[in-house]
Amino acid sequence: MAEQSIPTYLGTDSIPKLLTRYSIPAIIAMTAASMYNMVDSIFIGRGVGPLGISGLALTLPLMNMAAAFGSLVGIGASTLLSVKMGQKDTESAERIIGNVILLNSIIGALFSVIGLLFLDKILYIFGASDQTLPYARDYMQVILMGNVMTHIYLGLNDMLRASGYPARAMIATLSAVLINCLLNALFIFSLGWGIRGAAWATLAAQAVALTYEIIHFSNPKHYIHFKRGIFRLRKQIVQGILAIGLSPFLMNLCASVVVILINRALQLTGGDMAVGAYGIVNRVALLFVMIVFGFNQGMQPIAGYNFGAQKYDRVIKVLKYTII
C-alpha cells in the first residue's frame, strides 16, 4: 500500500484475495490472543498449584466483561473507520483514532475503579470460595491497575487492521504473547511472584505491543496517524462507535453471565477443583472459537470500506465468502 494514501485496493481487488490477505493474519492473531490465558494457566498450574488455576478461572467473567467494553469501542470504531475510508473522509477517520483512545481511557478507568472497589464481592458472586479468593484477587488487582493500557492496546490493534495493516496488527499480538510466555517463566519461577507474576507478565507484554502501535500511528507517512485536534470527543463519532459496537458488547456480556452461572453451579456441586477444570476446558474451547473471530475480523475492513464506497454488491460478496 502506498504511504499517505487510502488503501483503495479494498474496493478493487478480488474478494477471495482480500479475505486471504486480511483473515489469515487475523486468525493467527486471534488464536495467539487466546493463548494468553492458556499460557497463564500452564505456568500458574506448575508454579502455584490447582487452587491458583481455580482462582484464575474465576477471573474469566470479569476479563470477559472488560473485553465486552473493549469490543464496544474497538469493533465499533474499526467498522466506522473502514466506512469513512470508503467515503474518502480522511479527517473523520483520524478523529476516530483520537476518540478511540479517549473512550478507552475513560471506560477502562471507570471499570478499574469500580472493579477494585468491589473486587471481593464481585469474585464471591462469580463463585469464589475462601480458598480461591486470594488467588483471584491477587491476579485481578494487577490486571485492573493496567486496564486502561489494555483497552488502548486492543483498540489500536483494531485500528491497525482496519486502516490497512493486518500484518502489523498480527505482529503486535504475537509479540505480546511471546513476551508474556518469557516473562511468565521469569516472574513466577525465577522471582517467585506467584499468580501476581502472571498478571504482571501480561501487562508488561501488552505495554510492549502498545508501544509498537503508538510508534506506527505516530509516523506521519501513514495514511491514518496522530495529529493535533483529534483527541477530543465528538458526539457524532462517539454515537457511531457505540451504535455499531453495542451488538458485540452485548454478546460478550452474555458470555460472561453464562460463565458466572456455570461457575456458581460448579462451586456448589463440585467445589474449587470443578471450577478450575471448567476454566481449563473453557480456554481450550476459546482457541477454536477464535478462528471464527479471525474470519470475522478479516472481513470487517473489507465490508466496511465497500459499504462506505457504496459498492454494496461487494459487501454481499464478502459476506457470502466469509460464511462459506
# chains A, B, ... in the order shown; residues from 1 in each chain; ligands from 1

$ closest_atom_pairs --of "stretch 159-221 of chain A" --to "stretch 37-52 of chain A" --cutoff "8 Å" --atoms "only C-alpha atoms" --output "tab-separated table"
residue	atom	partner	partner_atom	distance
A:Cys181	CA	A:Val39	CA	6.6
A:Asn184	CA	A:Phe43	CA	6.7
A:Ala185	CA	A:Phe43	CA	7.1
A:Ile188	CA	A:Gly47	CA	6.3
A:Phe189	CA	A:Gly47	CA	6.4
A:Gly194	CA	A:Val48	CA	6.0
A:Ile195	CA	A:Ile44	CA	6.2
A:Ala198	CA	A:Asp40	CA	5.9

$ write_last_selection --atoms "N, CA and C atoms" --output "CSV table (one decimal), in the first residue's frame"
chain,number,residue,atom,x,y,z
A,181,CYS,N,4.9,-15.2,27.5
A,181,CYS,CA,5.5,-16.5,27.9
A,181,CYS,C,6.8,-16.4,28.6
A,184,ASN,N,6.4,-14.8,32.1
A,184,ASN,CA,5.7,-15.8,33.0
A,184,ASN,C,6.8,-16.6,33.7
A,185,ALA,N,7.6,-17.2,32.9
A,185,ALA,CA,8.7,-18.1,33.4
A,185,ALA,C,9.6,-17.3,34.4
A,188,ILE,N,7.2,-16.0,37.7
A,188,ILE,CA,6.7,-17.0,38.5
A,188,ILE,C,7.7,-17.9,39.1
A,189,PHE,N,8.6,-18.4,38.3
A,189,PHE,CA,9.6,-19.4,38.7
A,189,PHE,C,10.9,-18.7,39.3
A,194,GLY,N,4.5,-15.7,42.1
A,194,GLY,CA,3.2,-16.4,42.1
A,194,GLY,C,2.2,-15.9,41.1
A,195,ILE,N,1.0,-16.0,41.4
A,195,ILE,CA,-0.1,-15.6,40.4
A,195,ILE,C,0.0,-14.1,40.0
A,198,ALA,N,2.1,-13.8,36.9
A,198,ALA,CA,1.4,-14.0,35.7
A,198,ALA,C,0.7,-12.7,35.2

$ residues_around --residues "stretch 262-272 of chain A" --least-positions-apart "4" --cutoff "7 Å" --atoms "only C-alpha atoms" --output "number ranges by chain"
A: 54, 126-127, 258, 276

$ residues_around --residues "A:Glu213" --least-positions-apart "3" --cutoff "12 Å" --atoms "only C-alpha atoms" --output "ChimeraX atom specification"
/A:97,152-161,165,168-173,175-176,206-210,216-219,225-226

$ closest_residue --among "A:Gly192, A:Gly70, A:Gly11, A:Gly298" --to "A:Asn147" --atoms "only C-alpha atoms"
A:Gly70

$ select_by_dssp --residues "stretch 130-257 of chain A" --states "alpha helix (DSSP H)" --output "MDAnalysis selection string"
chainID A and resid 133:145 147:162 166:184 195:218 235:257

$ closest_residue --among "A:Ala255, A:Leu56, A:Leu144, A:Leu246" --to "A:Gly76" --atoms "only C-alpha atoms"
A:Leu246

$ atom_distance --atom1 "atom CA of A:Thr90" --atom2 "atom CA of A:Asp13"
21.1 Å

$ closest_residue --among "A:Gly98, A:Pro248, A:Gly279, A:Gly164" --to "A:Ile230" --atoms "only C-alpha atoms"
A:Gly98

$ atom_distance --atom1 "atom CA of A:Ile101" --atom2 "atom CA of A:Ser82"
17.1 Å

$ atom_distance --atom1 "atom CA of A:Met63" --atom2 "atom CA of A:Arg232"
27.9 Å
